[in-house]
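Data file: query.cif. Format and content: mmCIF, N, CA and C atoms.
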data_my_file
loop_
_atom_site.label_atom_id
_atom_site.label_comp_id
_atom_site.auth_asym_id
_atom_site.auth_seq_id
_atom_site.Cartn_x
_atom_site.Cartn_y
_atom_site.Cartn_z
N MET A 1 54.55 -0.95 11.68
CA MET A 1 55.89 -0.85 12.22
C MET A 1 56.85 -0.34 11.16
N ALA A 2 56.59 -0.67 9.90
CA ALA A 2 57.50 -0.26 8.82
C ALA A 2 57.60 1.25 8.71
N LEU A 3 56.48 1.95 8.90
CA LEU A 3 56.52 3.40 8.79
C LEU A 3 57.27 4.03 9.96
N ALA A 4 57.11 3.50 11.16
CA ALA A 4 57.87 4.00 12.31
C ALA A 4 59.37 3.78 12.08
N GLU A 5 59.74 2.64 11.49
CA GLU A 5 61.15 2.37 11.17
C GLU A 5 61.66 3.31 10.10
N ALA A 6 60.86 3.57 9.07
CA ALA A 6 61.27 4.48 8.00
C ALA A 6 61.45 5.90 8.53
N LYS A 7 60.57 6.31 9.43
CA LYS A 7 60.72 7.63 10.06
C LYS A 7 62.03 7.71 10.83
N ALA A 8 62.32 6.67 11.62
CA ALA A 8 63.56 6.65 12.40
C ALA A 8 64.78 6.67 11.49
N ASP A 9 64.77 5.87 10.43
CA ASP A 9 65.89 5.84 9.49
C ASP A 9 66.15 7.22 8.89
N ALA A 10 65.09 7.91 8.50
CA ALA A 10 65.23 9.24 7.89
C ALA A 10 65.80 10.24 8.88
N ILE A 11 65.33 10.20 10.12
CA ILE A 11 65.82 11.14 11.13
C ILE A 11 67.26 10.84 11.49
N VAL A 12 67.60 9.57 11.70
CA VAL A 12 68.98 9.20 12.04
C VAL A 12 69.92 9.61 10.91
N SER A 13 69.52 9.40 9.68
CA SER A 13 70.33 9.79 8.53
C SER A 13 70.61 11.29 8.53
N ARG A 14 69.60 12.07 8.82
CA ARG A 14 69.78 13.53 8.88
C ARG A 14 70.69 13.92 10.05
N LEU A 15 70.48 13.28 11.19
CA LEU A 15 71.29 13.60 12.36
C LEU A 15 72.76 13.26 12.15
N LYS A 16 73.03 12.15 11.48
CA LYS A 16 74.41 11.74 11.25
C LYS A 16 75.17 12.73 10.37
N SER A 17 74.45 13.53 9.62
CA SER A 17 75.11 14.51 8.76
C SER A 17 75.53 15.76 9.53
N THR A 18 75.15 15.85 10.80
CA THR A 18 75.57 17.00 11.61
C THR A 18 76.81 16.63 12.42
N ALA A 19 77.66 17.59 12.64
CA ALA A 19 78.93 17.35 13.34
C ALA A 19 78.72 16.99 14.80
N GLN A 20 77.65 17.43 15.41
CA GLN A 20 77.44 17.20 16.84
C GLN A 20 76.77 15.86 17.14
N PHE A 21 76.40 15.10 16.15
CA PHE A 21 75.65 13.87 16.37
C PHE A 21 76.36 12.93 17.34
N GLU A 22 77.61 12.61 17.09
CA GLU A 22 78.33 11.66 17.93
C GLU A 22 78.48 12.16 19.36
N ALA A 23 78.76 13.44 19.52
CA ALA A 23 78.96 14.00 20.86
C ALA A 23 77.68 14.01 21.68
N GLU A 24 76.55 14.24 21.05
CA GLU A 24 75.29 14.37 21.77
C GLU A 24 74.49 13.07 21.85
N ALA A 25 74.89 12.06 21.13
CA ALA A 25 74.11 10.82 21.05
C ALA A 25 74.08 10.05 22.36
N HIS A 26 75.01 10.30 23.26
CA HIS A 26 75.11 9.52 24.49
C HIS A 26 73.84 9.52 25.33
N SER A 27 73.04 10.54 25.25
CA SER A 27 71.87 10.61 26.12
C SER A 27 70.56 10.75 25.34
N THR A 28 70.56 10.31 24.11
CA THR A 28 69.39 10.58 23.27
C THR A 28 68.68 9.31 22.84
N LEU A 29 67.37 9.29 23.07
CA LEU A 29 66.51 8.25 22.54
C LEU A 29 65.58 8.90 21.53
N LEU A 30 65.44 8.28 20.39
CA LEU A 30 64.55 8.75 19.34
C LEU A 30 63.30 7.88 19.36
N ILE A 31 62.13 8.50 19.49
CA ILE A 31 60.88 7.76 19.52
C ILE A 31 60.08 8.12 18.27
N THR A 32 59.76 7.10 17.47
CA THR A 32 58.91 7.31 16.29
C THR A 32 57.70 6.39 16.42
N ALA A 33 56.62 6.82 15.79
CA ALA A 33 55.38 6.06 15.92
C ALA A 33 54.50 6.27 14.70
N ASP A 34 53.52 5.40 14.54
CA ASP A 34 52.53 5.56 13.49
C ASP A 34 51.25 4.86 13.94
N THR A 35 50.13 5.35 13.44
CA THR A 35 48.82 4.79 13.78
C THR A 35 47.97 4.67 12.53
N VAL A 36 47.28 3.56 12.40
CA VAL A 36 46.31 3.39 11.31
C VAL A 36 45.03 2.81 11.90
N VAL A 37 43.95 2.98 11.16
CA VAL A 37 42.68 2.37 11.51
C VAL A 37 42.42 1.26 10.50
N VAL A 38 41.97 0.12 10.99
CA VAL A 38 41.59 -0.99 10.11
C VAL A 38 40.09 -1.18 10.26
N TYR A 39 39.40 -1.13 9.13
CA TYR A 39 37.95 -1.31 9.13
C TYR A 39 37.58 -2.26 8.01
N GLU A 40 36.93 -3.34 8.37
CA GLU A 40 36.54 -4.39 7.42
C GLU A 40 37.74 -4.87 6.60
N GLY A 41 38.88 -5.02 7.27
CA GLY A 41 40.09 -5.55 6.64
C GLY A 41 40.87 -4.56 5.79
N ILE A 42 40.43 -3.30 5.75
CA ILE A 42 41.10 -2.29 4.93
C ILE A 42 41.76 -1.25 5.84
N ILE A 43 43.04 -0.95 5.56
CA ILE A 43 43.76 0.07 6.32
C ILE A 43 43.30 1.45 5.89
N ARG A 44 42.94 2.26 6.87
CA ARG A 44 42.53 3.64 6.62
C ARG A 44 43.51 4.58 7.30
N GLU A 45 44.19 5.37 6.49
CA GLU A 45 45.07 6.39 7.05
C GLU A 45 44.31 7.70 7.05
N LYS A 46 44.99 8.83 7.02
CA LYS A 46 44.31 10.12 7.03
C LYS A 46 43.48 10.27 5.77
N PRO A 47 42.22 10.71 5.90
CA PRO A 47 41.39 10.92 4.71
C PRO A 47 42.01 12.00 3.83
N SER A 48 41.85 11.84 2.53
CA SER A 48 42.43 12.80 1.59
C SER A 48 41.50 13.98 1.30
N SER A 49 40.26 13.87 1.72
CA SER A 49 39.29 14.93 1.46
C SER A 49 38.17 14.88 2.49
N LYS A 50 37.36 15.93 2.52
CA LYS A 50 36.21 15.93 3.42
C LYS A 50 35.23 14.83 3.04
N GLU A 51 35.10 14.60 1.74
CA GLU A 51 34.18 13.55 1.28
C GLU A 51 34.62 12.18 1.77
N GLU A 52 35.92 11.92 1.67
CA GLU A 52 36.42 10.63 2.15
C GLU A 52 36.25 10.51 3.66
N ALA A 53 36.47 11.60 4.39
CA ALA A 53 36.27 11.58 5.85
C ALA A 53 34.81 11.25 6.18
N ARG A 54 33.89 11.84 5.44
CA ARG A 54 32.47 11.56 5.66
C ARG A 54 32.15 10.09 5.37
N GLU A 55 32.73 9.56 4.29
CA GLU A 55 32.53 8.14 3.96
C GLU A 55 33.05 7.24 5.07
N PHE A 56 34.24 7.55 5.58
CA PHE A 56 34.82 6.76 6.66
C PHE A 56 33.87 6.76 7.86
N ILE A 57 33.47 7.95 8.29
CA ILE A 57 32.65 8.07 9.50
C ILE A 57 31.30 7.38 9.32
N LYS A 58 30.69 7.58 8.17
CA LYS A 58 29.40 6.94 7.89
C LYS A 58 29.55 5.42 7.93
N GLY A 59 30.65 4.92 7.41
CA GLY A 59 30.90 3.49 7.39
C GLY A 59 31.08 2.87 8.76
N TYR A 60 31.53 3.67 9.75
CA TYR A 60 31.74 3.14 11.09
C TYR A 60 30.43 2.87 11.82
N SER A 61 29.35 3.47 11.37
CA SER A 61 28.06 3.33 12.04
C SER A 61 27.65 1.86 12.06
N GLY A 62 27.46 1.35 13.25
CA GLY A 62 27.04 -0.04 13.39
C GLY A 62 28.16 -1.04 13.23
N GLY A 63 29.39 -0.56 13.04
CA GLY A 63 30.50 -1.47 12.83
C GLY A 63 31.55 -1.35 13.92
N GLN A 64 32.67 -1.97 13.68
CA GLN A 64 33.75 -1.98 14.64
C GLN A 64 35.05 -1.65 13.92
N ALA A 65 35.73 -0.63 14.40
CA ALA A 65 37.02 -0.25 13.82
C ALA A 65 38.12 -0.68 14.78
N GLU A 66 39.28 -0.96 14.23
CA GLU A 66 40.43 -1.34 15.04
C GLU A 66 41.54 -0.34 14.78
N VAL A 67 42.12 0.18 15.85
CA VAL A 67 43.24 1.11 15.74
C VAL A 67 44.51 0.34 16.06
N VAL A 68 45.50 0.43 15.18
CA VAL A 68 46.77 -0.24 15.38
C VAL A 68 47.85 0.83 15.42
N GLY A 69 48.57 0.89 16.53
CA GLY A 69 49.65 1.86 16.68
C GLY A 69 50.97 1.15 16.88
N SER A 70 52.01 1.68 16.25
CA SER A 70 53.35 1.11 16.43
C SER A 70 54.26 2.17 17.02
N VAL A 71 55.22 1.71 17.82
CA VAL A 71 56.19 2.58 18.46
C VAL A 71 57.57 1.96 18.27
N LEU A 72 58.54 2.80 17.94
CA LEU A 72 59.92 2.34 17.80
C LEU A 72 60.81 3.31 18.57
N VAL A 73 61.62 2.78 19.49
CA VAL A 73 62.57 3.59 20.25
C VAL A 73 63.97 3.21 19.79
N THR A 74 64.74 4.22 19.35
CA THR A 74 66.10 4.01 18.88
C THR A 74 67.06 4.70 19.84
N ASN A 75 68.02 3.94 20.37
CA ASN A 75 69.08 4.50 21.20
C ASN A 75 70.14 5.01 20.23
N LEU A 76 70.31 6.33 20.17
CA LEU A 76 71.21 6.90 19.17
C LEU A 76 72.68 6.62 19.45
N LYS A 77 73.04 6.32 20.69
CA LYS A 77 74.43 6.00 20.99
C LYS A 77 74.78 4.58 20.54
N THR A 78 73.91 3.62 20.86
CA THR A 78 74.21 2.22 20.57
C THR A 78 73.60 1.73 19.26
N GLY A 79 72.60 2.45 18.77
CA GLY A 79 71.89 2.01 17.58
C GLY A 79 70.83 0.95 17.87
N LYS A 80 70.74 0.53 19.14
CA LYS A 80 69.77 -0.48 19.53
C LYS A 80 68.35 0.04 19.33
N ARG A 81 67.49 -0.81 18.77
CA ARG A 81 66.10 -0.44 18.52
C ARG A 81 65.17 -1.45 19.18
N LYS A 82 64.14 -0.92 19.79
CA LYS A 82 63.09 -1.77 20.36
C LYS A 82 61.75 -1.18 19.93
N GLY A 83 60.90 -2.03 19.45
CA GLY A 83 59.60 -1.56 18.99
C GLY A 83 58.52 -2.58 19.22
N GLY A 84 57.33 -2.15 18.98
CA GLY A 84 56.19 -3.03 19.12
C GLY A 84 54.94 -2.35 18.61
N TRP A 85 53.85 -3.05 18.73
CA TRP A 85 52.58 -2.49 18.29
C TRP A 85 51.51 -2.81 19.32
N ASP A 86 50.47 -2.01 19.28
CA ASP A 86 49.35 -2.19 20.19
C ASP A 86 48.08 -1.96 19.39
N ARG A 87 46.99 -2.52 19.84
CA ARG A 87 45.74 -2.34 19.12
C ARG A 87 44.60 -2.12 20.09
N ALA A 88 43.60 -1.44 19.59
CA ALA A 88 42.38 -1.22 20.36
C ALA A 88 41.21 -1.30 19.39
N GLU A 89 40.11 -1.85 19.86
CA GLU A 89 38.90 -1.95 19.03
C GLU A 89 37.91 -0.90 19.51
N ILE A 90 37.25 -0.26 18.55
CA ILE A 90 36.25 0.74 18.87
C ILE A 90 34.93 0.26 18.30
N ASN A 91 33.97 0.09 19.16
CA ASN A 91 32.63 -0.30 18.72
C ASN A 91 31.81 0.96 18.51
N GLU A 92 31.39 1.17 17.26
CA GLU A 92 30.69 2.38 16.81
C GLU A 92 31.65 3.56 16.79
N GLY A 93 31.24 4.41 16.25
CA GLY A 93 32.02 5.56 16.27
C GLY A 93 31.22 6.71 15.60
N PHE A 94 36.40 12.87 13.10
CA PHE A 94 35.76 13.74 12.17
C PHE A 94 36.88 14.57 11.63
N THR A 95 37.73 14.05 11.26
CA THR A 95 38.73 15.01 10.90
C THR A 95 39.59 14.48 9.77
N LEU A 96 40.35 15.38 9.14
CA LEU A 96 41.29 14.98 8.09
C LEU A 96 42.67 14.74 8.66
N ASN A 97 42.85 14.94 9.95
CA ASN A 97 44.18 14.91 10.54
C ASN A 97 44.50 13.63 11.29
N VAL A 98 43.60 12.68 11.30
CA VAL A 98 43.85 11.46 12.07
C VAL A 98 43.61 10.22 11.21
N ALA A 99 44.27 9.15 11.61
CA ALA A 99 44.13 7.89 10.87
C ALA A 99 42.67 7.47 10.81
N GLY A 100 42.23 7.12 9.63
CA GLY A 100 40.88 6.63 9.45
C GLY A 100 39.80 7.66 9.65
N GLY A 101 40.19 8.93 9.85
CA GLY A 101 39.21 9.98 10.09
C GLY A 101 38.44 9.79 11.38
N LEU A 102 38.99 9.01 12.30
CA LEU A 102 38.29 8.65 13.53
C LEU A 102 39.00 9.26 14.73
N MET A 103 38.42 10.30 15.31
CA MET A 103 38.99 10.94 16.48
C MET A 103 38.10 10.62 17.68
N LEU A 104 38.53 9.68 18.47
CA LEU A 104 37.74 9.19 19.60
C LEU A 104 37.32 10.32 20.54
N GLU A 105 38.23 11.24 20.82
CA GLU A 105 37.96 12.27 21.82
C GLU A 105 37.12 13.43 21.30
N HIS A 106 36.79 13.43 20.01
CA HIS A 106 35.99 14.53 19.45
C HIS A 106 34.59 14.50 20.06
N PRO A 107 34.06 15.68 20.47
CA PRO A 107 32.75 15.71 21.11
C PRO A 107 31.61 15.19 20.24
N MET A 108 31.78 15.18 18.93
CA MET A 108 30.72 14.65 18.06
C MET A 108 30.86 13.15 17.86
N THR A 109 32.01 12.59 18.19
CA THR A 109 32.24 11.16 18.03
C THR A 109 31.99 10.42 19.34
N LEU A 110 32.52 10.93 20.42
CA LEU A 110 32.50 10.24 21.71
C LEU A 110 31.12 9.75 22.15
N PRO A 111 30.03 10.52 21.97
CA PRO A 111 28.73 10.02 22.40
C PRO A 111 28.28 8.74 21.70
N PHE A 112 28.85 8.45 20.54
CA PHE A 112 28.43 7.28 19.77
C PHE A 112 29.32 6.06 20.00
N VAL A 113 30.36 6.21 20.81
CA VAL A 113 31.26 5.10 21.08
C VAL A 113 30.69 4.30 22.24
N GLU A 114 30.38 3.05 21.96
CA GLU A 114 29.83 2.17 23.00
C GLU A 114 30.92 1.54 23.84
N ALA A 115 32.06 1.23 23.23
CA ALA A 115 33.13 0.57 23.97
C ALA A 115 34.46 0.74 23.26
N VAL A 116 35.51 0.77 24.06
CA VAL A 116 36.88 0.71 23.54
C VAL A 116 37.51 -0.50 24.20
N VAL A 117 37.94 -1.45 23.39
CA VAL A 117 38.60 -2.64 23.91
C VAL A 117 40.09 -2.43 23.69
N GLY A 118 40.79 -2.09 24.75
CA GLY A 118 42.18 -1.68 24.66
C GLY A 118 42.31 -0.34 25.36
N THR A 119 43.41 0.35 25.13
CA THR A 119 43.63 1.62 25.82
C THR A 119 43.28 2.81 24.93
N THR A 120 42.77 3.86 25.55
CA THR A 120 42.42 5.05 24.77
C THR A 120 43.66 5.74 24.24
N ASP A 121 44.80 5.63 24.93
CA ASP A 121 46.02 6.26 24.41
C ASP A 121 46.49 5.57 23.13
N THR A 122 46.20 4.30 22.96
CA THR A 122 46.49 3.63 21.69
C THR A 122 45.63 4.23 20.58
N VAL A 123 44.36 4.43 20.87
CA VAL A 123 43.46 5.03 19.88
C VAL A 123 43.91 6.44 19.53
N MET A 124 44.41 7.17 20.50
CA MET A 124 44.80 8.56 20.29
C MET A 124 46.18 8.69 19.66
N GLY A 125 46.91 7.59 19.49
CA GLY A 125 48.12 7.65 18.69
C GLY A 125 49.44 7.26 19.32
N LEU A 126 49.52 7.15 20.66
CA LEU A 126 50.79 6.76 21.26
C LEU A 126 50.52 5.93 22.51
N PRO A 127 50.61 4.61 22.38
CA PRO A 127 50.37 3.74 23.53
C PRO A 127 51.44 3.94 24.61
N LYS A 128 51.05 4.48 25.75
CA LYS A 128 52.01 4.84 26.80
C LYS A 128 52.77 3.64 27.35
N ALA A 129 52.06 2.58 27.69
CA ALA A 129 52.72 1.41 28.27
C ALA A 129 53.72 0.79 27.29
N LEU A 130 53.35 0.71 26.02
CA LEU A 130 54.25 0.17 25.01
C LEU A 130 55.46 1.07 24.84
N THR A 131 55.25 2.38 24.82
CA THR A 131 56.35 3.33 24.67
C THR A 131 57.33 3.20 25.84
N GLU A 132 56.80 3.13 27.06
CA GLU A 132 57.66 2.98 28.23
C GLU A 132 58.46 1.67 28.16
N LYS A 133 57.80 0.59 27.77
CA LYS A 133 58.47 -0.72 27.65
C LYS A 133 59.61 -0.65 26.64
N CYS A 134 59.36 -0.03 25.48
CA CYS A 134 60.38 0.08 24.44
C CYS A 134 61.55 0.96 24.88
N ILE A 135 61.26 2.03 25.62
CA ILE A 135 62.32 2.90 26.13
C ILE A 135 63.22 2.11 27.06
N LEU A 136 62.64 1.40 28.01
CA LEU A 136 63.43 0.62 28.96
C LEU A 136 64.27 -0.44 28.25
N GLU A 137 63.73 -1.06 27.21
CA GLU A 137 64.47 -2.09 26.49
C GLU A 137 65.58 -1.50 25.61
N ALA A 138 65.41 -0.25 25.17
CA ALA A 138 66.40 0.37 24.30
C ALA A 138 67.58 0.96 25.07
N LEU A 139 67.41 1.16 26.37
CA LEU A 139 68.49 1.73 27.18
C LEU A 139 69.62 0.76 27.41
#
Hey, can you dump this file as structure tokens for me?
Amino acid sequence: MALAEAKADAIVSRLKSTAQFEAEAHSTLLITADTVVVYEGIIREKPSSKEEAREFIKGYSGGQAEVVGSVLVTNLKTGKRKGGWDRAEINEGFTLNVAGGLMLEHPMTLPFVEAVVGTTDTVMGLPKALTEKCILEAL
């Protein structure tokens, strides 16, 4: 959640430096999010190299990874913020662009996934139900 909040703070700070911010804020919601993979108690973000990605993927064999996604909705007119987090577990399980190097929808990964406990949209990076809930609460 801290990274989603930091992203929102940085964007709001930049927006406030523009002259049109106050005039346009009446109808604007800012949505920020972040996703990490937790495996054996260790947070895995995007792999820094192909070697690290290979290590991550090899390590998932026979294990269980947990994806934790956070969403923060900021009402730019009122400053009201609503956020939350969602998680999904992946039993068994290629890229440098995703948290933990684990891309559920990748054709080389999907055949090895036995189960997803939670929603696939959480695994893919933006939990829809949580995002909708936060939007409604921020209005």
Using the chain letters and numbering of this document, enumerate as a ChimeraX atom specification the residues selected by the PyMOL selection byres (((chain A and resi 44 and name CA) around 12) and name CA).
/A:35-43,45-48,52-53,55-57,59-60,65-68,96,98-102
In Å to one decimal, how far is atom N of Asp9 (chain A) from atom N of Glu89 (chain A)?
27.5 Å
Target residues per the PyMOL selection byres ((chain A and resi 122) around 7), formatted as a ChimeraX atom specification
/A:67-69,86-88,118-121,123-128
Tell me, as a ChimeraX atom specification, which residues lie within 9 Å of Gly83 (chain A), counting only C-alpha atoms; anything in the same chain fewer than 4 positions away does not count.
/A:1,4-5,70-74,130-131,133-135,137-138
CA of Lys7 (chain A) to CA of Gly79 (chain A): how many Å, to one decimal?
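Computing it gives 14.6 Å between the two atoms.
For the pair atom C of Lys58 (chain A) and atom C of Leu3 (chain A), the separation is 27.8 Å.
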Identify all residues of region 41-94 of chain A in strand (DSSP E or B) (DSSP on the backbone) and supply them as a PyMOL selection string.
chain A and resi 42-44+64-75+81-91
Kindly provide, as a list in words, the polymer residues lying within 8 Å of (70.3, 7.3, 17.0), counting all atoms listed in the file and using the coordinates exactly as they appear in the file.
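Applying the cut-off with all atoms listed in the file, one gets Ala8, Ile11, Val12, Ser13, Leu15, Lys16, Ala25, Thr28, Leu29, Leu30, Thr74, Asn75, Leu76, Lys77, Thr78, Gly79 and Lys80 of chain A.
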